[in-house]
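The next block is run-v1.cif, given as mmCIF, C-alpha atoms.
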```cif
data_final
loop_
_atom_site.label_atom_id
_atom_site.label_comp_id
_atom_site.auth_asym_id
_atom_site.auth_seq_id
_atom_site.Cartn_x
_atom_site.Cartn_y
_atom_site.Cartn_z
CA MET A 1 358.79 129.67 -15.64
CA ARG A 2 359.33 130.17 -19.33
CA ILE A 3 362.54 131.69 -20.61
CA ILE A 4 363.43 132.13 -24.25
CA VAL A 5 367.01 132.73 -25.28
CA ASN A 6 367.67 134.38 -28.63
CA ASN A 7 371.12 133.33 -29.77
CA SER A 8 371.20 135.80 -32.65
CA SER A 9 370.33 138.80 -30.50
CA MET A 10 373.10 141.29 -29.76
CA THR A 11 371.88 141.42 -26.15
CA PRO A 12 374.09 139.21 -23.99
CA ILE A 13 372.39 135.96 -23.03
CA TYR A 14 372.77 136.55 -19.30
CA GLU A 15 371.04 139.91 -19.73
CA GLN A 16 368.23 138.27 -21.69
CA ILE A 17 367.65 135.78 -18.88
CA ALA A 18 367.93 138.36 -16.10
CA GLY A 19 365.60 140.69 -18.02
CA GLN A 20 362.92 138.02 -18.49
CA ILE A 21 363.02 136.95 -14.85
CA LYS A 22 362.87 140.59 -13.78
CA GLN A 23 359.84 141.08 -16.01
CA MET A 24 358.13 138.07 -14.42
CA ILE A 25 358.82 139.48 -10.96
CA THR A 26 357.56 142.98 -11.79
CA ASP A 27 354.47 141.49 -13.49
CA GLY A 28 353.73 139.45 -10.41
CA GLY A 29 354.14 136.17 -12.27
CA LEU A 30 356.89 135.19 -9.86
CA VAL A 31 356.02 135.97 -6.25
CA SER A 32 358.48 136.40 -3.42
CA GLY A 33 359.75 133.18 -1.95
CA THR A 34 359.45 131.25 -5.22
CA ALA A 35 362.51 129.09 -5.89
CA LEU A 36 364.22 129.65 -9.21
CA PRO A 37 365.49 126.56 -11.04
CA SER A 38 369.03 125.58 -10.03
CA VAL A 39 371.83 127.02 -12.12
CA ARG A 40 372.64 123.65 -13.66
CA THR A 41 369.02 122.77 -14.40
CA LEU A 42 368.37 126.02 -16.21
CA ALA A 43 371.70 125.78 -18.06
CA LYS A 44 370.76 122.32 -19.27
CA ASP A 45 367.25 123.37 -20.32
CA LEU A 46 368.52 126.36 -22.26
CA ARG A 47 371.64 124.59 -23.59
CA ILE A 48 373.98 127.27 -22.32
CA SER A 49 376.88 127.20 -19.90
CA SER A 50 376.29 127.20 -16.14
CA LEU A 51 378.44 130.27 -15.82
CA THR A 52 376.00 132.25 -17.99
CA VAL A 53 373.07 131.34 -15.77
CA LYS A 54 375.11 132.13 -12.69
CA LYS A 55 375.88 135.56 -14.12
CA SER A 56 372.15 136.25 -14.58
CA TYR A 57 371.35 135.18 -11.03
CA ASP A 58 374.22 137.27 -9.68
CA ALA A 59 372.97 140.30 -11.59
CA LEU A 60 369.44 139.79 -10.24
CA GLU A 61 370.77 139.40 -6.73
CA LYS A 62 372.81 142.57 -7.01
CA GLU A 63 369.68 144.49 -7.99
CA GLY A 64 367.74 143.00 -5.10
CA TYR A 65 365.32 140.82 -7.06
CA VAL A 66 366.45 137.47 -5.72
CA ILE A 67 368.43 136.10 -2.84
CA THR A 68 370.71 133.10 -2.92
CA VAL A 69 370.81 130.92 0.17
CA HIS A 70 374.02 128.96 0.08
CA GLY A 71 373.31 125.28 -0.37
CA LYS A 72 369.57 125.84 -0.82
CA GLY A 73 369.15 127.79 -4.02
CA THR A 74 367.98 131.10 -5.37
CA PHE A 75 364.63 132.59 -4.38
CA VAL A 76 362.57 135.59 -5.45
CA ALA A 77 363.15 138.33 -2.89
CA ASP A 78 360.60 140.55 -1.19
CA THR A 79 360.52 143.27 -3.77
CA ASN A 80 359.09 146.55 -2.59
CA ALA A 81 357.14 149.15 -4.53
CA ALA A 82 360.05 151.58 -4.55
CA LEU A 83 362.30 149.07 -6.28
CA MET A 84 359.66 148.38 -8.90
CA GLU A 85 359.20 152.07 -9.57
CA GLU A 86 362.95 152.50 -9.84
CA GLU A 87 363.08 149.67 -12.36
CA HIS A 88 360.29 151.12 -14.49
CA ARG A 89 362.07 154.44 -14.45
CA LYS A 90 365.30 152.81 -15.55
CA GLN A 91 363.58 151.07 -18.43
CA LEU A 92 362.03 154.34 -19.54
CA GLU A 93 365.38 156.07 -19.34
CA LYS A 94 366.94 153.37 -21.48
CA ARG A 95 364.28 153.77 -24.15
CA MET A 96 364.73 157.53 -24.17
CA GLU A 97 368.46 157.07 -24.61
CA GLU A 98 367.78 154.86 -27.61
CA VAL A 99 365.50 157.47 -29.16
CA ILE A 100 368.10 160.20 -28.67
CA ARG A 101 370.85 158.04 -30.16
CA GLU A 102 368.70 157.27 -33.16
CA GLY A 103 367.93 160.97 -33.58
CA ARG A 104 371.62 161.82 -33.56
CA VAL A 105 372.35 159.15 -36.15
CA CYS A 106 369.73 160.85 -38.37
CA GLY A 107 371.62 164.11 -37.91
CA LEU A 108 369.27 165.91 -35.51
CA SER A 109 370.91 168.44 -33.22
CA ASP A 110 370.30 168.45 -29.47
CA GLU A 111 368.23 171.60 -29.92
CA GLU A 112 366.02 169.95 -32.55
CA LEU A 113 365.56 166.92 -30.35
CA ARG A 114 364.53 169.14 -27.44
CA GLU A 115 362.03 170.95 -29.63
CA LEU A 116 360.59 167.66 -30.85
CA PHE A 117 360.27 166.47 -27.28
CA GLU A 118 358.46 169.64 -26.26
CA ILE A 119 356.03 169.37 -29.16
CA ILE A 120 355.13 165.80 -28.30
CA LEU A 121 354.93 166.54 -24.59
CA THR A 122 352.56 169.45 -25.00
CA GLY A 123 350.76 167.98 -28.02
CA MET B 1 391.31 120.45 -10.66
CA ILE B 2 394.11 120.51 -13.20
CA ARG B 3 396.70 123.12 -14.08
CA LEU B 4 399.39 123.20 -16.73
CA ASP B 5 402.13 125.83 -16.37
CA GLY B 6 404.21 126.23 -19.51
CA LEU B 7 403.99 122.53 -20.25
CA THR B 8 406.31 121.87 -23.18
CA LYS B 9 406.77 119.02 -25.61
CA ASN B 10 409.12 119.30 -28.55
CA TYR B 11 408.87 117.35 -31.77
CA ASP B 12 410.93 117.85 -34.92
CA ASN B 13 408.60 120.38 -36.48
CA PHE B 14 406.25 121.22 -33.66
CA SER B 15 406.53 122.38 -30.10
CA LEU B 16 403.84 122.64 -27.49
CA ASN B 17 403.95 125.30 -24.79
CA CYS B 18 400.69 125.13 -22.97
CA THR B 19 399.36 126.95 -19.91
CA LEU B 20 395.81 126.23 -18.89
CA GLU B 21 393.62 125.52 -15.91
CA VAL B 22 390.41 123.60 -15.42
CA LYS B 23 388.60 124.75 -12.29
CA PRO B 24 386.38 122.52 -10.15
CA GLY B 25 382.85 122.33 -11.55
CA ASN B 26 383.84 123.92 -14.83
CA ILE B 27 383.48 122.64 -18.34
CA THR B 28 386.47 124.04 -20.20
CA GLY B 29 386.89 123.92 -23.96
CA LEU B 30 390.11 123.65 -25.94
CA VAL B 31 389.82 124.66 -29.58
CA GLY B 32 392.27 124.98 -32.42
CA VAL B 33 392.75 123.84 -35.99
CA ASN B 34 394.13 120.38 -36.79
CA GLY B 35 397.69 120.04 -35.57
CA ALA B 36 397.46 122.98 -33.16
CA GLY B 37 398.40 120.79 -30.19
CA LYS B 38 395.08 119.74 -28.65
CA SER B 39 395.74 116.02 -28.65
CA THR B 40 399.33 116.45 -27.44
CA THR B 41 397.95 118.45 -24.51
CA PHE B 42 395.39 115.75 -23.71
CA LYS B 43 397.96 113.00 -24.02
CA SER B 44 400.32 114.81 -21.65
CA ILE B 45 397.60 115.04 -19.03
CA LEU B 46 396.86 111.34 -19.42
CA GLY B 47 400.53 110.41 -19.21
CA LEU B 48 400.63 109.06 -22.77
CA VAL B 49 403.19 111.66 -23.81
CA LYS B 50 406.12 112.59 -21.59
CA PRO B 51 406.44 116.38 -21.40
CA ASP B 52 409.90 117.94 -21.88
CA GLY B 53 409.32 120.76 -19.43
CA GLY B 54 406.89 122.87 -17.52
CA ARG B 55 404.69 121.94 -14.61
CA MET B 56 401.53 119.93 -14.28
CA THR B 57 399.26 119.92 -11.25
CA ILE B 58 396.56 117.26 -11.06
CA PHE B 59 394.02 117.28 -8.21
CA GLY B 60 396.21 119.73 -6.29
CA ARG B 61 399.50 117.82 -6.52
CA GLU B 62 402.36 118.61 -8.85
CA VAL B 63 403.25 115.57 -10.94
CA THR B 64 405.16 114.67 -14.09
CA GLU B 65 402.53 112.16 -15.04
CA PRO B 66 399.28 111.08 -13.41
CA SER B 67 399.67 108.42 -10.70
CA PRO B 68 397.57 105.24 -10.86
CA GLU B 69 395.28 106.82 -8.22
CA ASP B 70 394.93 109.96 -10.34
CA LYS B 71 394.00 107.82 -13.31
CA GLU B 72 391.14 106.28 -11.31
CA ASP B 73 389.70 109.77 -11.11
CA ILE B 74 390.14 110.65 -14.77
CA GLY B 75 387.71 109.49 -17.42
CA PHE B 76 388.73 109.99 -21.02
CA VAL B 77 387.63 109.80 -24.62
CA MET B 78 390.39 109.85 -27.23
CA SER B 79 389.54 110.34 -30.89
CA GLY B 80 389.84 107.14 -32.86
CA ALA B 81 390.68 104.83 -29.97
CA CYS B 82 388.00 102.39 -28.94
CA PHE B 83 387.76 98.88 -27.60
CA CYS B 84 388.69 95.81 -29.57
CA GLU B 85 385.98 95.57 -32.18
CA GLU B 86 385.37 91.91 -31.47
CA PHE B 87 384.10 92.72 -27.97
CA ASN B 88 380.52 93.35 -27.00
CA VAL B 89 379.29 95.63 -24.21
CA LYS B 90 379.19 92.75 -21.69
CA LYS B 91 382.88 91.98 -22.24
CA ILE B 92 383.79 95.64 -22.09
CA LYS B 93 382.00 95.91 -18.76
CA LYS B 94 384.17 93.06 -17.42
CA ILE B 95 387.32 94.85 -18.55
CA LEU B 96 386.20 98.07 -16.90
CA GLU B 97 385.31 96.20 -13.72
CA ALA B 98 388.82 94.82 -13.58
CA SER B 99 390.43 98.14 -14.49
CA TYR B 100 388.76 100.67 -12.21
CA LYS B 101 388.33 100.29 -8.46
CA ASN B 102 385.42 102.71 -8.52
CA PHE B 103 383.69 101.18 -11.53
CA ASP B 104 379.94 101.56 -11.03
CA GLY B 105 378.32 98.62 -12.81
CA GLU B 106 374.79 99.71 -12.00
CA TYR B 107 375.36 103.18 -13.38
CA PHE B 108 377.06 101.72 -16.47
CA ASP B 109 374.06 99.44 -17.05
CA SER B 110 371.59 102.25 -16.50
CA LEU B 111 373.36 104.45 -19.06
CA CYS B 112 373.53 101.56 -21.55
CA GLU B 113 369.84 100.99 -21.08
CA LYS B 114 368.98 104.68 -21.30
CA PHE B 115 370.79 104.98 -24.61
CA SER B 116 369.59 101.61 -25.93
CA MET B 117 373.05 100.08 -26.29
CA PRO B 118 372.87 96.49 -27.51
CA THR B 119 374.83 94.41 -25.00
CA ASP B 120 375.46 91.31 -27.13
CA LYS B 121 376.44 92.93 -30.39
CA LYS B 122 380.15 93.21 -31.29
CA THR B 123 381.20 96.83 -31.32
CA LYS B 124 382.41 96.52 -34.93
CA GLU B 125 378.74 96.39 -35.88
CA PHE B 126 378.02 99.61 -33.97
CA SER B 127 377.13 102.82 -35.78
CA THR B 128 379.38 105.87 -35.35
CA GLY B 129 376.87 107.33 -32.91
CA MET B 130 376.71 104.16 -30.82
CA LYS B 131 380.51 103.95 -30.62
CA ALA B 132 380.70 107.58 -29.51
CA ARG B 133 378.06 106.98 -26.86
CA LEU B 134 379.85 103.87 -25.60
CA LYS B 135 383.10 105.80 -25.27
CA LEU B 136 381.46 108.54 -23.24
CA ILE B 137 379.56 106.03 -21.08
CA THR B 138 382.90 104.33 -20.40
CA ALA B 139 384.51 107.63 -19.40
CA MET B 140 381.65 108.36 -17.03
CA SER B 141 381.37 104.86 -15.57
CA HIS B 142 383.92 105.06 -12.76
CA ASN B 143 382.93 108.19 -10.87
CA ALA B 144 385.80 110.23 -12.30
CA LYS B 145 386.29 113.77 -11.05
CA LEU B 146 387.79 114.91 -14.33
CA LEU B 147 386.80 114.01 -17.87
CA ILE B 148 389.30 114.54 -20.68
CA LEU B 149 387.35 114.42 -23.91
CA ASP B 150 389.15 114.73 -27.23
CA GLU B 151 386.58 115.23 -29.98
CA PRO B 152 383.80 113.20 -28.33
CA THR B 153 381.26 114.46 -30.86
CA ALA B 154 383.33 113.86 -34.01
CA GLY B 155 381.35 112.45 -36.91
CA LEU B 156 377.97 112.74 -35.22
CA ASP B 157 374.84 114.41 -36.52
CA VAL B 158 373.23 117.29 -34.63
CA LEU B 159 370.79 115.09 -32.69
CA ALA B 160 373.45 112.65 -31.55
CA ARG B 161 375.74 115.53 -30.60
CA ASN B 162 373.08 117.19 -28.48
CA GLU B 163 372.30 113.88 -26.81
CA LEU B 164 375.97 113.42 -25.96
CA LEU B 165 376.27 116.96 -24.62
CA ASP B 166 373.18 116.41 -22.48
CA MET B 167 374.79 113.27 -21.04
CA LEU B 168 377.77 115.40 -20.17
CA ARG B 169 375.62 118.09 -18.54
CA ASP B 170 373.93 115.45 -16.41
CA TYR B 171 377.29 114.14 -15.28
CA THR B 172 378.94 117.37 -14.20
CA ASP B 173 378.36 118.99 -10.83
CA GLU B 174 380.28 121.33 -8.50
CA ASN B 175 383.02 118.77 -7.92
CA ARG B 176 383.42 117.33 -11.38
CA SER B 177 385.18 119.06 -14.26
CA VAL B 178 385.53 118.50 -17.97
CA LEU B 179 388.19 119.45 -20.50
CA ILE B 180 386.75 119.02 -23.98
CA SER B 181 387.82 119.70 -27.55
CA SER B 182 385.65 119.86 -30.63
CA HIS B 183 385.79 121.11 -34.18
CA ILE B 184 382.17 122.08 -33.91
CA SER B 185 382.30 125.40 -32.15
CA SER B 186 378.57 125.62 -31.50
CA ASP B 187 378.88 122.48 -29.34
CA LEU B 188 381.41 124.24 -27.16
CA GLU B 189 379.60 127.58 -27.11
CA GLY B 190 376.55 125.82 -25.68
CA ILE B 191 378.29 123.92 -22.92
CA CYS B 192 381.65 125.40 -21.94
CA ASP B 193 382.10 127.88 -19.13
CA ASP B 194 385.42 129.00 -20.53
CA ILE B 195 387.44 128.42 -23.68
CA TYR B 196 391.12 128.21 -24.55
CA VAL B 197 392.23 128.73 -28.14
CA ILE B 198 395.46 126.98 -29.07
CA HIS B 199 397.49 128.00 -32.12
CA GLU B 200 400.76 126.35 -33.22
CA GLY B 201 401.28 124.87 -29.78
CA SER B 202 400.56 127.99 -27.73
CA ILE B 203 397.45 129.32 -26.06
CA ILE B 204 396.48 132.57 -27.78
CA LEU B 205 393.18 133.21 -26.01
CA HIS B 206 391.50 132.30 -22.76
CA GLU B 207 388.12 133.78 -22.01
CA GLU B 208 384.78 132.92 -20.53
CA THR B 209 382.51 131.72 -23.33
CA ASP B 210 380.12 134.56 -22.53
CA VAL B 211 382.82 137.14 -23.04
CA ILE B 212 383.76 135.73 -26.45
CA ILE B 213 380.15 135.85 -27.58
CA ASP B 214 378.97 139.04 -25.88
CA GLU B 215 382.01 141.29 -25.79
CA PHE B 216 384.01 140.12 -28.78
CA GLY B 217 382.81 140.81 -32.27
CA MET B 218 383.78 140.91 -35.91
CA LEU B 219 383.97 144.18 -37.82
CA LYS B 220 383.63 144.03 -41.59
CA LEU B 221 385.32 147.05 -43.08
CA ASP B 222 386.23 148.40 -46.49
CA ARG B 223 389.70 149.88 -46.98
CA ARG B 224 388.71 153.45 -46.20
CA GLN B 225 386.86 152.43 -43.04
CA TYR B 226 389.80 150.28 -41.99
CA GLU B 227 392.28 153.11 -42.45
CA ASP B 228 390.13 155.58 -40.50
CA ILE B 229 389.06 153.39 -37.63
CA ASP B 230 390.58 153.56 -34.15
CA LYS B 231 392.31 150.19 -33.86
CA LYS B 232 392.91 150.16 -30.11
CA HIS B 233 390.38 147.37 -29.50
CA ILE B 234 391.14 145.32 -32.60
CA VAL B 235 393.13 142.18 -31.87
CA TYR B 236 393.31 140.36 -35.20
CA VAL B 237 392.78 141.44 -38.78
CA LEU B 238 392.40 139.45 -41.96
CA GLU B 239 392.61 141.20 -45.32
CA GLY B 240 390.47 139.66 -48.04
CA ASN B 241 389.36 140.56 -51.55
CA ASN B 242 386.31 142.35 -50.25
CA GLY B 243 387.84 144.23 -47.38
CA PHE B 244 388.99 143.61 -43.85
CA ASP B 245 387.63 141.25 -41.22
CA CYS B 246 388.67 142.46 -37.78
CA ILE B 247 388.23 140.73 -34.45
CA THR B 248 387.59 143.11 -31.57
CA ASP B 249 387.53 142.33 -27.88
CA ASN B 250 385.34 145.36 -27.25
CA ARG B 251 382.38 145.30 -29.61
CA GLN B 252 380.57 147.95 -27.59
CA PHE B 253 383.25 150.54 -28.32
CA TYR B 254 382.69 150.21 -32.06
CA GLU B 255 378.90 150.01 -31.73
CA ASP B 256 378.95 153.27 -29.80
CA ASN B 257 381.46 155.17 -31.90
CA TYR B 258 380.95 153.83 -35.42
CA PRO B 259 377.22 153.33 -35.92
CA ASP B 260 377.64 152.88 -39.68
CA ILE B 261 379.98 149.90 -39.82
CA ILE B 262 378.94 146.27 -39.92
CA ILE B 263 379.53 144.48 -36.64
CA GLU B 264 378.74 140.83 -35.98
CA LYS B 265 378.52 139.03 -32.65
CA GLY B 266 381.61 137.21 -31.53
CA SER B 267 381.98 133.49 -32.11
CA ILE B 268 384.69 130.91 -31.75
CA ASP B 269 384.60 130.22 -35.48
CA SER B 270 385.11 133.83 -36.53
CA PHE B 271 387.89 134.23 -33.98
CA LEU B 272 389.66 131.07 -35.15
CA ASN B 273 389.32 131.95 -38.80
CA VAL B 274 390.76 135.45 -38.47
CA ALA B 275 393.38 134.52 -35.86
CA GLU B 276 394.65 131.57 -37.91
CA ARG B 277 394.83 133.25 -41.28
CA GLY B 278 395.20 136.91 -40.38
CA ALA B 279 397.63 139.01 -38.40
CA ARG B 280 397.73 140.11 -34.79
CA ILE B 281 397.73 143.84 -34.16
#
```
Show the structure stored in the file as structure tokens.
Amino acid sequence: MRIIVNNSSMTPIYEQIAGQIKQMITDGGLVSGTALPSVRTLAKDLRISSLTVKKSYDALEKEGYVITVHGKGTFVADTNAALMEEEHRKQLEKRMEEVIREGRVCGLSDEELRELFEIILTG
Amino acid sequence: MIRLDGLTKNYDNFSLNCTLEVKPGNITGLVGVNGAGKSTTFKSILGLVKPDGGRMTIFGREVTEPSPEDKEDIGFVMSGACFCEEFNVKKIKKILEASYKNFDGEYFDSLCEKFSMPTDKKTKEFSTGMKARLKLITAMSHNAKLLILDEPTAGLDVLARNELLDMLRDYTDENRSVLISSHISSDLEGICDDIYVIHEGSIILHEETDVIIDEFGMLKLDRRQYEDIDKKHIVYVLEGNNGFDCITDNRQFYEDNYPDIIIEKGSIDSFLNVAERGARI
């Protein structure tokens, strides 16, 4: 497992870690049942606090990507196709939001954005 | 693990009023400028300074100073203090053996070997880095549940500091806690679960390190921007020649509502700088 933390990124570190692990799970790089490194091991490797790693694992667990067995560790969960699809959809939604925000910053009205979207969609 | 409730100590021109808690398994940082009260806090916990008031709970029991049994379970590094410079590591080991019931000679030796500590050399011939390592090895040598570390990385270069912090990471587990101070904020940002900021004897901030870095931020504003901006999430402001530096505890709010202003990530250094020299709002 290879995780890279960017300390100058505005994205919170726990989100960076959770995002990368999620990516590995959706890509099939991490299969269900695989044990993730312990919180303290990963914290040491990445030179960040244990609490940060714990937050990432908690976030992944909440979304159903991993399960934590008390006293044993954290493992990749049985992710189903529906969850994956949901995740892809969410990512797409997020990117669309970004595009819309950028458009508004440039001074485009909602109507203009809609038009632009239509043009590209039918183009 | 340890809790201070309004612990006070009064000197002629300084008074400490400190409330903080170190939870089991946590590495907690205490930061502040020189003279803010860090060392007085540490000394109170170690029983080297007698508090004038407030409450102190160590390992679940309320005490006025740590008992001899408590001290067995506390490892410490104080800035400056070290062993008699005429001693070598072998002699120091004998002293530790006689001092701590739980002294673990094998572990002490293994750490000395791991960090290539010369055992026959007098410590006065040690480099700054070697002395710092020896102090931390000593603190970790008797299976202490709590480490009190006052500036353990002072005077060390980046490699030696990282090595020391890695030693510390190896030592801590779910049942061992650390209270650490440092003037090098990046050291603390990389290791502490939560941080207390102390200013003129009082705690002015306690947050998880993550929150300080991810949710706090610094806004850099010119006068017009400063006058127009909604200040409900600004906690400190410092006016300078080139404008206003503002610390916010809700960076997202300003990112969402003021896309044109300059916003930096939060850091302990920026917080300290603005909180120390600026004004609270």
List the residues matched by the PyMOL selection byres ((chain A) within 6 of (chain B)) in the displayed structure as a ChimeraX atom specification, ordered by chain and then by residue number.
/A:12,47-49,51
Applied to this file, what does the PyMOL selection byres ((chain B and resi 87) around 10) return in terms of residues, put as a PyMOL selection string?
chain B and resi 83-86+88-93+119-124
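Computed from the coordinates, the atom CA of B:Tyr226 to atom CA of A:Glu97 distance equals 28.3 Å.
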From B:Ser202, B:Gln252, B:Asn13, B:Asn241, residue lying nearest B:Leu219 [only C-alpha atoms]
B:Gln252
Which protein, DNA or RNA residues have an atom at most 12 Å from (391.5, 125.7, -34.2), counting only C-alpha atoms? List them as a PDB file with C-alpha atoms, in the coordinates of the input.
```pdb
ATOM      1  CA  GLY B  29     386.890 123.920 -23.960  1.00  0.00           C
ATOM      2  CA  LEU B  30     390.110 123.650 -25.940  1.00  0.00           C
ATOM      3  CA  VAL B  31     389.820 124.660 -29.580  1.00  0.00           C
ATOM      4  CA  GLY B  32     392.270 124.980 -32.420  1.00  0.00           C
ATOM      5  CA  VAL B  33     392.750 123.840 -35.990  1.00  0.00           C
ATOM      6  CA  ASN B  34     394.130 120.380 -36.790  1.00  0.00           C
ATOM      7  CA  GLY B  35     397.690 120.040 -35.570  1.00  0.00           C
ATOM      8  CA  ALA B  36     397.460 122.980 -33.160  1.00  0.00           C
ATOM      9  CA  GLY B  37     398.400 120.790 -30.190  1.00  0.00           C
ATOM     10  CA  LYS B  38     395.080 119.740 -28.650  1.00  0.00           C
ATOM     11  CA  SER B  39     395.740 116.020 -28.650  1.00  0.00           C
ATOM     12  CA  SER B 181     387.820 119.700 -27.550  1.00  0.00           C
ATOM     13  CA  SER B 182     385.650 119.860 -30.630  1.00  0.00           C
ATOM     14  CA  HIS B 183     385.790 121.110 -34.180  1.00  0.00           C
ATOM     15  CA  ILE B 184     382.170 122.080 -33.910  1.00  0.00           C
ATOM     16  CA  SER B 185     382.300 125.400 -32.150  1.00  0.00           C
ATOM     17  CA  ILE B 195     387.440 128.420 -23.680  1.00  0.00           C
ATOM     18  CA  TYR B 196     391.120 128.210 -24.550  1.00  0.00           C
ATOM     19  CA  VAL B 197     392.230 128.730 -28.140  1.00  0.00           C
ATOM     20  CA  ILE B 198     395.460 126.980 -29.070  1.00  0.00           C
ATOM     21  CA  HIS B 199     397.490 128.000 -32.120  1.00  0.00           C
ATOM     22  CA  GLU B 200     400.760 126.350 -33.220  1.00  0.00           C
ATOM     23  CA  GLY B 201     401.280 124.870 -29.780  1.00  0.00           C
ATOM     24  CA  SER B 202     400.560 127.990 -27.730  1.00  0.00           C
ATOM     25  CA  ILE B 203     397.450 129.320 -26.060  1.00  0.00           C
ATOM     26  CA  ILE B 204     396.480 132.570 -27.780  1.00  0.00           C
ATOM     27  CA  LEU B 205     393.180 133.210 -26.010  1.00  0.00           C
ATOM     28  CA  ILE B 268     384.690 130.910 -31.750  1.00  0.00           C
ATOM     29  CA  ASP B 269     384.600 130.220 -35.480  1.00  0.00           C
ATOM     30  CA  SER B 270     385.110 133.830 -36.530  1.00  0.00           C
ATOM     31  CA  PHE B 271     387.890 134.230 -33.980  1.00  0.00           C
ATOM     32  CA  LEU B 272     389.660 131.070 -35.150  1.00  0.00           C
ATOM     33  CA  ASN B 273     389.320 131.950 -38.800  1.00  0.00           C
ATOM     34  CA  VAL B 274     390.760 135.450 -38.470  1.00  0.00           C
ATOM     35  CA  ALA B 275     393.380 134.520 -35.860  1.00  0.00           C
ATOM     36  CA  GLU B 276     394.650 131.570 -37.910  1.00  0.00           C
ATOM     37  CA  ARG B 277     394.830 133.250 -41.280  1.00  0.00           C
TER      38      ARG B 277
END
```
Point-to-point distance from atom CA of B:Asp245 to atom CA of B:Asn257, Å rounded to tenths:
17.9 Å
Around all the atoms of stretch 91-95 of chain A listed in the file, with 6 Å of room on each side, what axis-aligned box do you get, giving centre and edge lengths in Å to one decimal, as JSON?
```
{"center_x": 364.5, "center_y": 153.6, "center_z": -21.3, "size_x": 16.9, "size_y": 17.0, "size_z": 17.7}
```
Just the residues within 7 Å of stretch 69-82 of chain B, please, counting only C-alpha atoms, with nothing from its chain fewer than 2 positions along; format it as a ChimeraX atom specification.
/B:66-67,84,100,135-136,139-140,143-152
Neighbourhood query: residues within 7 Å of (402.8, 127.9, -22.4), file coordinates, counting only C-alpha atoms; return as an MDAnalysis selection string.
chainID B and resid 5:7 17:19 202:203
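The spacing separating atom CA of B:Arg61 from atom CA of B:Ile180 amounts to 21.7 Å.
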Can you list what the PyMOL selection byres ((chain B and resi 56) around 6) grabs from this structure, as number ranges by chain?
B: 3-4, 55, 57, 62-63
Write out as a PDB file with C-alpha atoms, keeping the file's coordinate frame which residues come within 8 Å of A:Ile100 when counting all atoms listed in the file, dropping same-chain ones fewer than 4 positions away.
```pdb
ATOM      1  CA  MET A  96     364.730 157.530 -24.170  1.00  0.00           C
ATOM      2  CA  ARG A 104     371.620 161.820 -33.560  1.00  0.00           C
ATOM      3  CA  LEU A 113     365.560 166.920 -30.350  1.00  0.00           C
TER       4      LEU A 113
END
```
Spatial neighbours of B:Glu65, 8 Å, only C-alpha atoms, chain gap at least 6 places, as JSON, numbers by chain:
{"B": [44, 45, 46, 47, 50, 56]}
Fewer than 3 positions away in the same chain doesn't count, so skip those; otherwise give me all residues within 7 Å of A:Ser50, counting all atoms listed in the file, as an MDAnalysis selection string.
(chainID A and resid 39:40 43 53:54) or (chainID B and resid 193)
Could you list, as a list in words, every residue within 12 Å of stretch 89-91 of chain A, counting all atoms listed in the file and ignoring same-chain residues fewer than 6 positions away?
Gly19, Lys22, Gln23, Ala82, Leu83, Glu97 and Glu98 of chain A
Measuring between all atoms listed in the file, which one of A:Val105, A:Ala18, A:Leu42, A:Leu30 shows the shortest distance to A:Glu61?
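Among the listed residues, A:Ala18 lies closest to A:Glu61.
Proximity to A:Tyr65 was assessed for A:Ile21, A:Leu46, A:Glu102, A:Glu93 counting all atoms listed in the file; the smallest distance is recorded for A:Ile21.
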Of the listed residues B:Gly240, B:Gly217, B:Gly105, B:Pro51, that which approaches B:Ile137 most closely, counting all atoms listed in the file
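Using all atoms listed in the file, the shortest distance to B:Ile137 belongs to B:Gly105.
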